[in-house]
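Visitor: One structure coming up, written as structure tokens, with questions to follow.
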Amino acid sequence: MKYQDLLELKKRMDFNLTEPEVLVKLIEEARLKGEKVQKDLRRLRYISFKIADIFEKKGFIIREETLKQIELRYEQAVGIDGSFQLVGGAGGKWYAPISVARIIFEHGLNGQPQVDIFWAGIQEINETEHPEPKNVASLMMLTAESKAILNWGTLNKQSFVFIDGPVVDPPVMTLGGENYIRDRCEGIKKCLKRSIVIGCVKRARDRFYIQYLENLFPSTLMKDYLSQFLTDQHLMAYIFAHARSKKYFGPIFTKWIDISSVNKIYKLYKKHGVHVTCLFFQKSMTSPVLRLDIPLLDPPENNLKADEIILQAVKATNVWTYPGQDYPLPVILAHEKCNIREGCAQVLYEEIITKSRTVDPYNQLILTQLR
């Protein structure tokens, strides 16, 4: 049985194990929520048509014709991603298996990729020192990922560097603080000297673009329209669907914006010399909407090469995304090679406990309770 089939089977088993009286009430509630969603979809579709018309008139929607004029700078591409799980917790001690992988296409699409497991290990986290161990494990993974980015930059190779996730990660100040931001910026700047870095955000839960549009179109009606959408990705899914309704099937993307001028965390990256621009991209009608984060060394408004670099990034994303795939190939492979699944982490934890066994009955009792 395939892995996804097993997950589906588990989901159905969990559903069937729920008490019937609870299920009856929950199913009725789900039906009512579904009816509300249908009404919301009709309303948002109408609003999005209004916004999309303004987008097209203002040149915010860009199509494949622009990309056809671009010739890719680099043949080489690399995908970078990290993964972690958190297990344990009994007695206040947690274990975090962490891995970071790089997939290197040295000879472009025609060559075989090289798999580089940049780092893999198990970190111990004491809950008394760190009350939120999951956040600590996440920061450890991101720190290792930032080192992988820095290391690639030190190799001084011309390439497209695809990062699985946002360039600014995590997008909050509470994790890592400014020291972490400084170190991550050093890695990004090192790469930008010879490469183009592209952050591929699969689930954009921010409102950067909406905030930018609210400032650009200050009318009360436009602000009311935009406020109906929860996130940028929510809005762009509707906008792109409207563009596709006119029988356009090729790549489509939005005009780029400077996030460093909108968000306070991105302003800290700007302070350390990394100016992050973003746009939304969709390969085809059936592809998900991606946010592409494209960092620059110079302020984009004063950077004569900003448009060229950003178009190179979009073209590379389009070329490296195969038909039928949701994301660029280096991102997909890096994610697969570094991915630590929950079951794997549990087995590792059991191995830690098993190896800790002693002949002392007292210790045996304690270890049994920690499993």
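Residue numbers start at 1 in each chain; chains themselves are named A, B, ... in the order of the structure tokens; ligands are numbered from 1 in the order shown.
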Can you pull out every residue within 8 Å of segment 327-332 of chain A, counting only C-alpha atoms, but drop anything in the same chain fewer than 5 positions away, and send it as a short mmCIF file (atom, residue, chain, number, x, y, z; two decimals) with N, CA and C atoms, in the first residue's frame?

Guide:
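Contents of selection.cif, as written:
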data_model
loop_
_atom_site.label_atom_id
_atom_site.label_comp_id
_atom_site.auth_asym_id
_atom_site.auth_seq_id
_atom_site.Cartn_x
_atom_site.Cartn_y
_atom_site.Cartn_z
N ALA A 77 21.77 24.85 -11.28
CA ALA A 77 20.74 25.18 -10.29
C ALA A 77 20.93 24.30 -9.06
N VAL A 78 20.54 24.84 -7.91
CA VAL A 78 20.62 24.07 -6.67
C VAL A 78 19.34 24.31 -5.87
N GLY A 79 18.84 23.26 -5.24
CA GLY A 79 17.69 23.37 -4.35
C GLY A 79 18.13 23.12 -2.92
N ILE A 80 17.66 23.93 -1.97
CA ILE A 80 18.05 23.81 -0.56
C ILE A 80 16.80 23.75 0.31
N ASP A 81 16.75 22.77 1.21
CA ASP A 81 15.62 22.66 2.12
C ASP A 81 16.05 21.96 3.40
N ILE A 103 20.24 19.78 -3.47
CA ILE A 103 20.21 19.05 -4.73
C ILE A 103 20.88 19.93 -5.77
N ILE A 104 21.95 19.42 -6.37
CA ILE A 104 22.78 20.23 -7.26
C ILE A 104 22.68 19.71 -8.69
N PHE A 105 22.18 20.56 -9.58
CA PHE A 105 22.15 20.26 -11.01
C PHE A 105 23.31 21.02 -11.66
N PHE A 162 17.43 27.80 -5.48
CA PHE A 162 16.02 27.69 -5.08
C PHE A 162 15.96 27.28 -3.61
N ILE A 163 15.28 28.11 -2.81
CA ILE A 163 15.07 27.80 -1.39
C ILE A 163 13.62 27.37 -1.21
N ASP A 164 13.41 26.26 -0.53
CA ASP A 164 12.05 25.81 -0.26
C ASP A 164 11.49 26.61 0.91
N CYS A 200 10.81 29.94 -2.80
CA CYS A 200 9.54 29.43 -3.34
C CYS A 200 8.58 29.16 -2.19
N THR A 317 12.19 29.75 -12.70
CA THR A 317 11.13 29.01 -12.02
C THR A 317 10.23 28.30 -13.03
N ASN A 318 9.92 28.99 -14.11
CA ASN A 318 9.09 28.40 -15.15
C ASN A 318 9.79 27.22 -15.84
N TRP A 320 12.35 25.36 -14.74
CA TRP A 320 12.68 24.26 -13.84
C TRP A 320 11.44 23.58 -13.26
N THR A 321 10.26 24.08 -13.57
CA THR A 321 9.01 23.42 -13.15
C THR A 321 8.49 22.59 -14.31
N TYR A 322 8.58 21.29 -14.19
CA TYR A 322 8.14 20.40 -15.26
C TYR A 322 6.62 20.40 -15.38
#

Visitor: With only C-alpha atoms as the counted atoms, please give the residues lying no more than 7 Å from Phe280 of chain A, apart from itself and same-chain residues fewer than 4 positions off, as a ChimeraX atom specification.

Guide: /A:253-254,289-292

Visitor: Please return, as a list of chain:residue names, all residues of segment 233-352 of chain A that DSSP assigns to strand (DSSP E) on the basis of the backbone.

Guide: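 Going through segment 233-352 of chain A, the strand (DSSP E) residues come out as A:Ile252, A:Phe253, A:Thr254, A:Ile257, A:Asp258, A:His275, A:Val276, A:Thr277, A:Cys278, A:Leu279, A:Phe280, A:Phe281, A:Gln282, A:Leu290, A:Arg291, A:Leu292, A:Asp293, A:Ile294, A:Pro295, A:Leu296.
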
Visitor: Given only C-alpha atoms as the basis, pick out the residue of A:Gln228, A:Asn126, A:Ile196, A:Glu336 nearest to Arg43 of chain A.

Guide: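 That would be A:Gln228, the residue with the smallest distance to Arg43 of chain A.
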
Visitor: Considering only C-alpha atoms, tabulate each residue of segment 239-314 of chain A that lies at most 12 Å from segment 177-185 of chain A along with its nearest interatomic pair and the corresponding distance in Å to one decimal; arrange the rows by chain and ascending residue number and present them as a Markdown table.

Guide:
| residue | atom | partner | partner_atom | distance |
| --- | --- | --- | --- | --- |
| A:Ile265 | CA | A:Ile181 | CA | 9.2 |
| A:Tyr266 | CA | A:Ile181 | CA | 9.8 |
| A:Lys267 | CA | A:Ile181 | CA | 10.9 |
| A:Leu268 | CA | A:Ile181 | CA | 7.6 |
| A:Tyr269 | CA | A:Cys185 | CA | 6.7 |
| A:Lys270 | CA | A:Cys185 | CA | 9.1 |
| A:Lys271 | CA | A:Arg182 | CA | 9.2 |
| A:His272 | CA | A:Arg182 | CA | 6.4 |
| A:Gly273 | CA | A:Cys185 | CA | 7.3 |
| A:Val274 | CA | A:Cys185 | CA | 6.4 |
| A:His275 | CA | A:Cys185 | CA | 9.9 |
| A:Val276 | CA | A:Cys185 | CA | 10.9 |
| A:Pro295 | CA | A:Cys185 | CA | 9.9 |
| A:Leu296 | CA | A:Cys185 | CA | 11.0 |
| A:Leu297 | CA | A:Cys185 | CA | 10.2 |

Visitor: With only C-alpha atoms as the basis for distance, which of A:Ala96, A:Ile54, A:Leu221, A:Ala241 is at the shortest distance from Thr286 of chain A?

Guide: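 Closest candidate: A:Ala241.
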
Visitor: Identify which of the residues A:Trp152, A:Phe84, A:Arg194, A:Leu142 lies closest to Gln123 of chain A, counting only C-alpha atoms when measuring atom-to-atom distances.

Guide: A:Phe84

Visitor: Quick one, how far is atom CA of Cys191 of chain A from atom CA of Leu155 of chain A?

Guide: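 Taking atom CA of Cys191 of chain A and atom CA of Leu155 of chain A, their separation equals 8.9 Å.
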